$ cat query.pdb   # PDB, C-alpha atoms, pLDDT in the B column
MODEL        1
ATOM      1  CA  MET P   4      -2.486  15.033 -20.110  1.00 45.00           C
ATOM      2  CA  SER P   5       0.320  15.792 -17.643  1.00 50.00           C
ATOM      3  CA  GLU P   6       2.735  13.126 -16.432  1.00 51.00           C
ATOM      4  CA  GLU P   7       1.289  13.343 -12.911  1.00 59.00           C
ATOM      5  CA  ALA P   8      -2.283  12.960 -14.170  1.00 55.00           C
ATOM      6  CA  PHE P   9      -1.248   9.982 -16.285  1.00 53.00           C
ATOM      7  CA  ASP P  10       0.489   8.365 -13.332  1.00 87.00           C
ATOM      8  CA  ALA P  11      -2.551   8.933 -11.125  1.00 87.00           C
ATOM      9  CA  ALA P  12      -4.845   7.490 -13.775  1.00 90.00           C
ATOM     10  CA  ARG P  13      -2.561   4.468 -14.198  1.00 92.00           C
ATOM     11  CA  PHE P  14      -2.367   3.977 -10.429  1.00 93.00           C
ATOM     12  CA  LEU P  15      -6.150   4.087 -10.061  1.00 95.00           C
ATOM     13  CA  ALA P  16      -6.618   1.686 -12.969  1.00 96.00           C
ATOM     14  CA  LEU P  17      -4.216  -0.771 -11.333  1.00 97.00           C
ATOM     15  CA  VAL P  18      -6.021  -0.411  -7.998  1.00 97.00           C
ATOM     16  CA  THR P  19      -9.317  -1.225  -9.710  1.00 97.00           C
ATOM     17  CA  ALA P  20      -7.735  -4.205 -11.466  1.00 97.00           C
ATOM     18  CA  ALA P  21      -6.389  -5.513  -8.138  1.00 96.00           C
ATOM     19  CA  GLN P  22      -9.859  -5.233  -6.610  1.00 97.00           C
ATOM     20  CA  ASP P  23     -11.344  -7.034  -9.596  1.00 97.00           C
ATOM     21  CA  ARG P  24      -8.913  -9.916  -8.994  1.00 95.00           C
ATOM     22  CA  ASP P  25      -9.629 -10.025  -5.241  1.00 95.00           C
ATOM     23  CA  ALA P  26     -13.009  -8.704  -4.116  1.00 95.00           C
ATOM     24  CA  ARG P  27     -11.902  -8.799  -0.461  1.00 95.00           C
ATOM     25  CA  LEU P  28      -9.535  -5.863  -0.996  1.00 96.00           C
ATOM     26  CA  THR P  29     -10.578  -2.372  -0.005  1.00 96.00           C
ATOM     27  CA  ALA P  30      -9.426   0.433  -2.287  1.00 96.00           C
ATOM     28  CA  MET P  31      -6.705   1.387   0.186  1.00 97.00           C
ATOM     29  CA  GLN P  32      -5.488  -2.190   0.542  1.00 97.00           C
ATOM     30  CA  ALA P  33      -5.316  -2.544  -3.228  1.00 97.00           C
ATOM     31  CA  GLY P  34      -3.486   0.788  -3.305  1.00 96.00           C
ATOM     32  CA  LEU P  35      -0.903  -0.491  -0.820  1.00 96.00           C
ATOM     33  CA  LEU P  36      -0.242  -3.511  -3.014  1.00 96.00           C
ATOM     34  CA  VAL P  37       0.015  -1.462  -6.195  1.00 96.00           C
ATOM     35  CA  ALA P  38       2.280   1.114  -4.525  1.00 95.00           C
ATOM     36  CA  GLU P  39       4.704  -1.610  -3.476  1.00 94.00           C
ATOM     37  CA  GLU P  40       4.554  -3.273  -6.876  1.00 93.00           C
ATOM     38  CA  LEU P  41       5.308   0.017  -8.664  1.00 92.00           C
ATOM     39  CA  GLU P  42       7.915   0.988  -6.050  1.00 91.00           C
ATOM     40  CA  ILE P  43       5.950   4.131  -5.201  1.00 91.00           C
ATOM     41  CA  ALA P  44       5.926   3.349  -1.483  1.00 93.00           C
ATOM     42  CA  SER P  45       6.936   0.394   0.638  1.00 92.00           C
ATOM     43  CA  ASP P  46       6.100   1.814   4.025  1.00 96.00           C
ATOM     44  CA  SER P  47       2.964   3.151   5.623  1.00 97.00           C
ATOM     45  CA  ARG P  48       4.149   6.720   6.230  1.00 96.00           C
ATOM     46  CA  SER P  49       5.312   7.261   2.630  1.00 95.00           C
ATOM     47  CA  PHE P  50       2.055   5.840   1.291  1.00 96.00           C
ATOM     48  CA  ALA P  51       0.024   8.103   3.589  1.00 96.00           C
ATOM     49  CA  ARG P  52       1.980  11.197   2.549  1.00 95.00           C
ATOM     50  CA  ARG P  53       1.892  10.473  -1.189  1.00 92.00           C
ATOM     51  CA  LEU P  54      -1.869   9.988  -1.157  1.00 92.00           C
ATOM     52  CA  GLY P  55      -2.748  12.583   1.488  1.00 94.00           C
ATOM     53  CA  ILE P  56      -4.316  10.042   3.836  1.00 95.00           C
ATOM     54  CA  ALA P  57      -4.038   9.930   7.625  1.00 97.00           C
ATOM     55  CA  HIS P  58      -1.250   7.551   8.663  1.00 97.00           C
ATOM     56  CA  ALA P  59      -3.513   5.890  11.246  1.00 97.00           C
ATOM     57  CA  LEU P  60      -5.973   4.881   8.525  1.00 97.00           C
ATOM     58  CA  VAL P  61      -3.189   3.453   6.392  1.00 97.00           C
ATOM     59  CA  LEU P  62      -1.842   1.475   9.359  1.00 97.00           C
ATOM     60  CA  ARG P  63      -5.273  -0.002  10.044  1.00 97.00           C
ATOM     61  CA  GLU P  64      -5.680  -1.185   6.448  1.00 97.00           C
ATOM     62  CA  LEU P  65      -2.087  -2.401   6.243  1.00 97.00           C
ATOM     63  CA  ASN P  66      -2.432  -4.451   9.429  1.00 96.00           C
ATOM     64  CA  ALA P  67      -5.726  -5.963   8.256  1.00 96.00           C
ATOM     65  CA  LEU P  68      -4.112  -6.931   4.964  1.00 95.00           C
ATOM     66  CA  ALA P  69      -1.015  -8.377   6.655  1.00 94.00           C
ATOM     67  CA  GLU P  70      -3.221 -10.504   8.936  1.00 94.00           C
ATOM     68  CA  ARG P  71      -4.581 -12.271   5.858  1.00 91.00           C
ATOM     69  CA  GLY P  72      -1.037 -13.444   5.205  1.00 87.00           C
ATOM     70  CA  ASP P  73      -1.433 -14.078   1.494  1.00 88.00           C
ATOM     71  CA  THR P  74      -0.719 -10.713  -0.125  1.00 90.00           C
ATOM     72  CA  LEU P  75       1.871  -8.791   1.850  1.00 93.00           C
ATOM     73  CA  GLU P  76       4.010  -9.032   4.935  1.00 93.00           C
ATOM     74  CA  ILE P  77       5.247  -6.421   7.346  1.00 95.00           C
ATOM     75  CA  VAL P  78       9.025  -6.691   7.512  1.00 96.00           C
ATOM     76  CA  LYS P  79       9.896  -3.933   9.984  1.00 97.00           C
ATOM     77  CA  ARG P  80       8.237  -1.465  12.328  1.00 96.00           C
ATOM     78  CA  ASP P  81       9.610   1.800  13.678  1.00 95.00           C
ATOM     79  CA  PRO P  82       8.260   2.117  17.230  1.00 93.00           C
ATOM     80  CA  ARG P  83       8.977   5.852  17.382  1.00 94.00           C
ATOM     81  CA  THR P  84       7.061   6.856  14.239  1.00 91.00           C
ATOM     82  CA  MET P  85       4.759   3.816  13.992  1.00 93.00           C
ATOM     83  CA  ARG P  86       5.940   3.454  10.375  1.00 96.00           C
ATOM     84  CA  ALA P  87       5.505  -0.077   9.055  1.00 97.00           C
ATOM     85  CA  PHE P  88       7.647  -1.317   6.183  1.00 97.00           C
ATOM     86  CA  TYR P  89       6.098  -3.998   3.997  1.00 96.00           C
ATOM     87  CA  ARG P  90       6.636  -6.079   0.885  1.00 95.00           C
ATOM     88  CA  LEU P  91       4.545  -8.309  -1.288  1.00 93.00           C
ATOM     89  CA  ALA P  92       4.235 -11.836   0.066  1.00 88.00           C
ATOM     90  CA  LYS P  93       6.140 -14.493  -1.779  1.00 79.00           C
ATOM     91  CA  PRO P  94       3.945 -17.270  -3.150  1.00 70.00           C
TER      92      PRO P  94
ENDMDL
END
$ encode --input "query.pdb" --output "structure tokens"
Amino acid sequence: MSEEAFDAARFLALVTAAQDRDARLTAMQAGLLVAEELEIASDSRSFARRLGIAHALVLRELNALAERGDTLEIVKRDPRTMRAFYRLAKP
């Protein structure tokens, strides 16, 4: 198994585990949390590019997750690119 395939498999397993812990999470929301935790991506544009997802869809899921207030927080927005930088919420 290649390194990339292993990393993808690990990422997906962690996304599933996050959803198992919190049934309210969509797959993309869980992916955002895992990406930040693994330091794969901490902003919406990077996440969208790495996973090949439209940035607008990522922003929608990120904003919905941030509104909950218990899992992550948006720390900065770039008005020109619409990129949102986020981090895991502190308990």
$ closest_residue --input "query.pdb" --among "P:Glu42, P:Leu36, P:Arg63, P:Ala87" --to "P:Leu75" --atoms "all atoms listed in the file"
P:Leu36
$ resolve_selection --input "query.pdb" --expression "the PyMOL selection byres ((chain P and resi 62) around 12)" --output "compact mmCIF listing (two decimals) with C-alpha atoms, in the coordinates of the input"
# COMPACT_ATOMS: atom_id res chain seq x y z
CA MET P 31 -6.70 1.39 0.19
CA GLN P 32 -5.49 -2.19 0.54
CA LEU P 35 -0.90 -0.49 -0.82
CA ASP P 46 6.10 1.81 4.03
CA SER P 47 2.96 3.15 5.62
CA ARG P 48 4.15 6.72 6.23
CA SER P 49 5.31 7.26 2.63
CA PHE P 50 2.06 5.84 1.29
CA ALA P 51 0.02 8.10 3.59
CA ILE P 56 -4.32 10.04 3.84
CA ALA P 57 -4.04 9.93 7.62
CA HIS P 58 -1.25 7.55 8.66
CA ALA P 59 -3.51 5.89 11.25
CA LEU P 60 -5.97 4.88 8.52
CA VAL P 61 -3.19 3.45 6.39
CA ARG P 63 -5.27 0.00 10.04
CA GLU P 64 -5.68 -1.18 6.45
CA LEU P 65 -2.09 -2.40 6.24
CA ASN P 66 -2.43 -4.45 9.43
CA ALA P 67 -5.73 -5.96 8.26
CA LEU P 68 -4.11 -6.93 4.96
CA ALA P 69 -1.01 -8.38 6.66
CA ILE P 77 5.25 -6.42 7.35
CA ARG P 80 8.24 -1.46 12.33
CA THR P 84 7.06 6.86 14.24
CA MET P 85 4.76 3.82 13.99
CA ARG P 86 5.94 3.45 10.38
CA ALA P 87 5.50 -0.08 9.06
CA PHE P 88 7.65 -1.32 6.18
CA TYR P 89 6.10 -4.00 4.00
$ atom_distance --input "query.pdb" --atom1 "atom CA of P:Thr29" --atom2 "atom CA of P:Lys93"
20.7 Å
$ atom_distance --input "query.pdb" --atom1 "atom CA of P:Val78" --atom2 "atom CA of P:Arg52"
19.9 Å
$ closest_residue --input "query.pdb" --among "P:Ala30, P:Ala92, P:Arg53, P:Asp25" --to "P:Ala11" --atoms "all atoms listed in the file"
P:Arg53
$ atom_distance --input "query.pdb" --atom1 "atom CA of P:Gln22" --atom2 "atom CA of P:Arg71"
15.3 Å
$ closest_residue --input "query.pdb" --among "P:Gly34, P:Pro82, P:Pro94, P:Gly55" --to "P:Ala16" --atoms "all atoms listed in the file"
P:Gly34
$ axis_aligned_box --input "query.pdb" --around "stretch 72-81 of chain P" --padding-each-side "6 Å" --output "lines of an AutoDock Vina configuration file"
center_x = 4.2
center_y = -6.1
center_z = 6.8
size_x = 23.3
size_y = 27.9
size_z = 25.8
$ closest_residue --input "query.pdb" --among "P:Arg13, P:Arg83, P:Arg24, P:Arg90" --to "P:Glu40" --atoms "only C-alpha atoms"
P:Arg90
$ build_atoms --input "query.pdb" --residues "stretch 77-91 of chain P" --atoms "N, CA, C and O atoms" --output "short mmCIF file (atom, residue, chain, number, x, y, z; two decimals), in the coordinates of the input"
data_model
loop_
_atom_site.label_atom_id
_atom_site.label_comp_id
_atom_site.auth_asym_id
_atom_site.auth_seq_id
_atom_site.Cartn_x
_atom_site.Cartn_y
_atom_site.Cartn_z
N ILE P 77 4.56 -7.54 6.71
CA ILE P 77 5.25 -6.42 7.35
C ILE P 77 6.62 -6.93 7.74
O ILE P 77 6.75 -7.95 8.42
N VAL P 78 7.66 -6.23 7.30
CA VAL P 78 9.02 -6.69 7.51
C VAL P 78 9.75 -5.92 8.61
O VAL P 78 10.74 -6.41 9.15
N LYS P 79 9.24 -4.74 8.95
CA LYS P 79 9.90 -3.93 9.98
C LYS P 79 8.93 -2.88 10.48
O LYS P 79 8.10 -2.38 9.71
N ARG P 80 9.04 -2.54 11.75
CA ARG P 80 8.24 -1.46 12.33
C ARG P 80 9.17 -0.51 13.06
O ARG P 80 10.10 -0.93 13.72
N ASP P 81 8.88 0.78 12.94
CA ASP P 81 9.61 1.80 13.68
C ASP P 81 8.73 2.21 14.86
O ASP P 81 7.71 2.85 14.66
N PRO P 82 9.12 1.83 16.08
CA PRO P 82 8.26 2.12 17.23
C PRO P 82 8.09 3.61 17.51
O PRO P 82 7.07 4.03 18.05
N ARG P 83 9.06 4.41 17.12
CA ARG P 83 8.98 5.85 17.38
C ARG P 83 7.94 6.52 16.48
O ARG P 83 7.13 7.33 16.94
N THR P 84 7.95 6.20 15.20
CA THR P 84 7.06 6.86 14.24
C THR P 84 5.83 6.02 13.89
O THR P 84 4.94 6.51 13.21
N MET P 85 5.82 4.77 14.31
CA MET P 85 4.76 3.82 13.99
C MET P 85 4.79 3.39 12.52
O MET P 85 3.89 2.70 12.06
N ARG P 86 5.81 3.81 11.79
CA ARG P 86 5.94 3.45 10.38
C ARG P 86 6.12 1.95 10.25
O ARG P 86 6.89 1.34 10.98
N ALA P 87 5.39 1.35 9.32
CA ALA P 87 5.50 -0.08 9.06
C ALA P 87 6.01 -0.26 7.63
O ALA P 87 5.46 0.31 6.69
N PHE P 88 7.08 -1.01 7.49
CA PHE P 88 7.65 -1.32 6.18
C PHE P 88 7.09 -2.67 5.74
O PHE P 88 7.01 -3.61 6.54
N TYR P 89 6.73 -2.77 4.48
CA TYR P 89 6.10 -4.00 4.00
C TYR P 89 6.61 -4.36 2.62
O TYR P 89 7.23 -3.57 1.93
N ARG P 90 6.32 -5.59 2.24
CA ARG P 90 6.64 -6.08 0.88
C ARG P 90 5.58 -7.08 0.49
O ARG P 90 4.88 -7.65 1.34
N LEU P 91 5.50 -7.31 -0.79
CA LEU P 91 4.54 -8.31 -1.29
C LEU P 91 4.95 -9.68 -0.78
O LEU P 91 6.14 -10.00 -0.71
#
